[in-house]
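In what follows, a single structure is set out as structure tokens and then discussed.
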Amino acid sequence: LGLSFSGFIWWQMGATATAQYMTAFVVEKTLALDNIFVIALIFSFFAIPREYQHRVLFWGILGVIVLRGIMIGLGATIVDQYHWVLYLFAAFLILTGIKMLFVADKEHKIEDNAMIRFLKRRLNVTEDLHGHSFFVKKLNPETGRMVRFATPLFLALIMIEIADLVFAVDSVPAVFTITTDPYLVYTSNIFAILGLRALYFALAAILHRFAYLKYALSVLLIFIGSKIFVADAMNWEKFPPEWSLGITFTILGAGVAFSLWKTGSSSPEQQAKADSKQQS
């Protein structure tokens with residue numbers, strides 16, 4: 001649907017807008033892979049079985065759509081009033097990309113997350129799952145009364161929402177440096193997010209095959225951030241959208257190809273052992 005929508009963009013808005021939409025869509029879809037890595041980690045940490053993951057992702061993605069809409073609305077208003085903010089977005093993306101190059105091989109540690117500790121202090125949380133329920137009523141051993149307990153399913157949902165909020169700090173500025181048209185920004189984001197659940201279940205078993213894609217994402221963020229400075233240096237009105245789309249596909253294609261070549265037919269366990277040997 002996301003790719004097909006580009007045909008509607010071309011029909012209504014022309015080739016330049018289509019190239020901008022496609023670049024934004026591909027960038028957002030690829031940055032969503034980072035979400036998938038973290039989602040897999042969250043489900044693993046809370047021991048959420050596959051049959052319950054659909055419910056968490058359904059509500060999680062609905063929440064993501066609302067949060068992205070709010071962030072894009074605020075971003076569009078700020079950019080419209082203060083165009084120089086785009087240079088701040090661009091510089092932020094370059095710094096983020098450089099930082100990612102040095103931390104791409106580091107693992108996320110969910111157990112060290114301060115939000116989980118905060119939620120467990122503030123909420124009554126059950127140790128076990130209770131089917132698809134986010135909350136259950138149980139007897140509080142301290143008071144002897146029936147109270148509402150949150151289940152690990154609810155904690156997983158909250159962590160997924162927070163993870164997307166963190167990733168949106170990178171992805172929303174990225175799409176604004178590609179195009180400032182709020183319609184293109186919002187539709188490219190929403191179509192990329194709507195496919196997130198299907199993308200997770202399609203890739204969850206083979207995420208280890210994309211172990212080196214994060215380096216390509218780092219280079220991509222640096223490229224996207226540098227476009228506005230390159231355009232100014234070359235006295236262009238804007239960086240050519242067709243070039244941007246082609247370079248984006250080249251960077252990501254190289255990252256995917258290198259990941260598939262390096263990981264070969266190794267299993268996740270074999271890849272983890274190989275990575276630990278390489279780090280030691």
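Labels for the structure tokens follow display order: chains A, B, ..., residues from 1 in each chain, ligands from 1.
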
If we count only C-alpha atoms, what is near Ala192 in chain A at a cut-off of 9 Å, once residues fewer than 3 positions away on the same chain are taken out, given as a ChimeraX atom specification? /A:2,25-30,32,187-189,195-196

Store the residues of this selection in a file with N, CA, C and O atoms, as a PDB file, in the first residue's frame.
```pdb
ATOM      1  N   GLY A   2       1.922   1.220   0.798  1.00  0.00           N
ATOM      2  CA  GLY A   2       2.817   2.379   0.857  1.00  0.00           C
ATOM      3  C   GLY A   2       3.469   2.677  -0.477  1.00  0.00           C
ATOM      4  O   GLY A   2       3.562   3.836  -0.901  1.00  0.00           O
ATOM      5  N   PHE A  25       9.596   7.514   2.523  1.00  0.00           N
ATOM      6  CA  PHE A  25       9.004   6.222   2.878  1.00  0.00           C
ATOM      7  C   PHE A  25      10.078   5.164   3.098  1.00  0.00           C
ATOM      8  O   PHE A  25      10.048   4.415   4.085  1.00  0.00           O
ATOM      9  N   VAL A  26      11.052   5.100   2.183  1.00  0.00           N
ATOM     10  CA  VAL A  26      12.122   4.101   2.300  1.00  0.00           C
ATOM     11  C   VAL A  26      12.967   4.366   3.541  1.00  0.00           C
ATOM     12  O   VAL A  26      13.330   3.436   4.275  1.00  0.00           O
ATOM     13  N   VAL A  27      13.282   5.638   3.798  1.00  0.00           N
ATOM     14  CA  VAL A  27      14.075   5.985   4.983  1.00  0.00           C
ATOM     15  C   VAL A  27      13.319   5.600   6.254  1.00  0.00           C
ATOM     16  O   VAL A  27      13.884   4.972   7.164  1.00  0.00           O
ATOM     17  N   GLU A  28      12.040   5.962   6.334  1.00  0.00           N
ATOM     18  CA  GLU A  28      11.248   5.647   7.524  1.00  0.00           C
ATOM     19  C   GLU A  28      11.102   4.137   7.703  1.00  0.00           C
ATOM     20  O   GLU A  28      11.161   3.626   8.823  1.00  0.00           O
ATOM     21  N   LYS A  29      10.886   3.420   6.602  1.00  0.00           N
ATOM     22  CA  LYS A  29      10.728   1.973   6.672  1.00  0.00           C
ATOM     23  C   LYS A  29      12.014   1.323   7.161  1.00  0.00           C
ATOM     24  O   LYS A  29      11.987   0.378   7.959  1.00  0.00           O
ATOM     25  N   THR A  30      13.136   1.825   6.706  1.00  0.00           N
ATOM     26  CA  THR A  30      14.417   1.242   7.102  1.00  0.00           C
ATOM     27  C   THR A  30      14.756   1.590   8.540  1.00  0.00           C
ATOM     28  O   THR A  30      15.253   0.746   9.293  1.00  0.00           O
ATOM     29  N   ALA A  32      12.682   1.944  10.735  1.00  0.00           N
ATOM     30  CA  ALA A  32      11.784   1.112  11.545  1.00  0.00           C
ATOM     31  C   ALA A  32      12.427  -0.221  11.904  1.00  0.00           C
ATOM     32  O   ALA A  32      11.996  -0.882  12.862  1.00  0.00           O
ATOM     33  N   THR A 187       2.105  11.116   5.426  1.00  0.00           N
ATOM     34  CA  THR A 187       1.728   9.883   4.722  1.00  0.00           C
ATOM     35  C   THR A 187       2.894   8.905   4.638  1.00  0.00           C
ATOM     36  O   THR A 187       2.703   7.691   4.801  1.00  0.00           O
ATOM     37  N   SER A 188       4.102   9.387   4.406  1.00  0.00           N
ATOM     38  CA  SER A 188       5.256   8.483   4.329  1.00  0.00           C
ATOM     39  C   SER A 188       5.499   7.828   5.689  1.00  0.00           C
ATOM     40  O   SER A 188       5.800   6.629   5.764  1.00  0.00           O
ATOM     41  N   ASN A 189       5.348   8.598   6.760  1.00  0.00           N
ATOM     42  CA  ASN A 189       5.513   8.052   8.111  1.00  0.00           C
ATOM     43  C   ASN A 189       4.449   7.020   8.424  1.00  0.00           C
ATOM     44  O   ASN A 189       4.756   5.929   8.910  1.00  0.00           O
ATOM     45  N   GLY A 195       2.913  -0.793   8.342  1.00  0.00           N
ATOM     46  CA  GLY A 195       3.462  -2.105   7.991  1.00  0.00           C
ATOM     47  C   GLY A 195       4.423  -2.659   9.014  1.00  0.00           C
ATOM     48  O   GLY A 195       5.039  -3.704   8.796  1.00  0.00           O
ATOM     49  N   LEU A 196       4.551  -1.966  10.152  1.00  0.00           N
ATOM     50  CA  LEU A 196       5.557  -2.360  11.142  1.00  0.00           C
ATOM     51  C   LEU A 196       5.250  -3.730  11.749  1.00  0.00           C
ATOM     52  O   LEU A 196       6.150  -4.548  11.944  1.00  0.00           O
TER      53      LEU A 196
END
```

Contacts of Ile158 in chain A at 10 Å (only C-alpha atoms; same-chain gap of 3+ positions) as a list in words: Val56, Gly60, Gly63, Met115, Ile116, Leu119, Pro152, Leu153, Phe154, Leu155, Glu161, Ile162 and Ala163 of chain A

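Comparing A:Val175, A:Ile206, A:Leu165, A:Ala231 by their smallest distance to Arg68 in chain A, the closest is A:Leu165 (using only C-alpha atoms).
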
Taking into account only C-alpha atoms, which residue in the set A:Ser226, A:Gln81, A:Thr263, A:Asn235 is nearest to Ile98 in chain A? A:Ser226

Contact residues around Ile228 in chain A with only C-alpha atoms at 12 Å, ignoring same-chain residues under 4 positions, as a ChimeraX atom specification: /A:83-91,93-94,174,176-179,222-224,232-241,244

In range 55-149 of chain A, DSSP strand (DSSP E) residues written as a short mmCIF file (atom, residue, chain, number, x, y, z; two decimals) with N, CA, C and O atoms, in the first residue's frame:
```cif
data_model
loop_
_atom_site.label_atom_id
_atom_site.label_comp_id
_atom_site.auth_asym_id
_atom_site.auth_seq_id
_atom_site.Cartn_x
_atom_site.Cartn_y
_atom_site.Cartn_z
N PHE A 135 -4.47 -5.87 32.17
CA PHE A 135 -4.70 -5.69 33.61
C PHE A 135 -5.55 -6.84 34.12
O PHE A 135 -6.41 -7.37 33.41
N VAL A 136 -5.33 -7.21 35.37
CA VAL A 136 -6.16 -8.23 36.03
C VAL A 136 -6.40 -7.78 37.47
O VAL A 136 -5.63 -7.00 38.02
N LYS A 137 -7.50 -8.28 38.05
CA LYS A 137 -7.77 -8.01 39.46
C LYS A 137 -7.32 -9.20 40.30
O LYS A 137 -7.68 -10.34 40.01
N LYS A 138 -6.48 -8.90 41.29
CA LYS A 138 -5.96 -9.95 42.16
C LYS A 138 -5.99 -9.48 43.62
O LYS A 138 -6.11 -8.28 43.89
N LEU A 139 -5.85 -10.44 44.50
CA LEU A 139 -5.80 -10.13 45.93
C LEU A 139 -4.43 -9.59 46.29
O LEU A 139 -3.41 -10.21 46.01
N MET A 146 -8.97 -6.78 46.82
CA MET A 146 -8.82 -7.01 45.39
C MET A 146 -8.40 -5.70 44.71
O MET A 146 -9.09 -4.67 44.84
N VAL A 147 -7.27 -5.71 44.05
CA VAL A 147 -6.77 -4.51 43.38
C VAL A 147 -6.39 -4.87 41.94
O VAL A 147 -6.24 -6.04 41.59
N ARG A 148 -6.22 -3.83 41.14
CA ARG A 148 -5.87 -4.03 39.73
C ARG A 148 -4.35 -4.15 39.58
O ARG A 148 -3.61 -3.29 40.07
N PHE A 149 -3.92 -5.20 38.92
CA PHE A 149 -2.50 -5.42 38.64
C PHE A 149 -2.25 -5.28 37.14
O PHE A 149 -3.06 -5.73 36.32
#
```
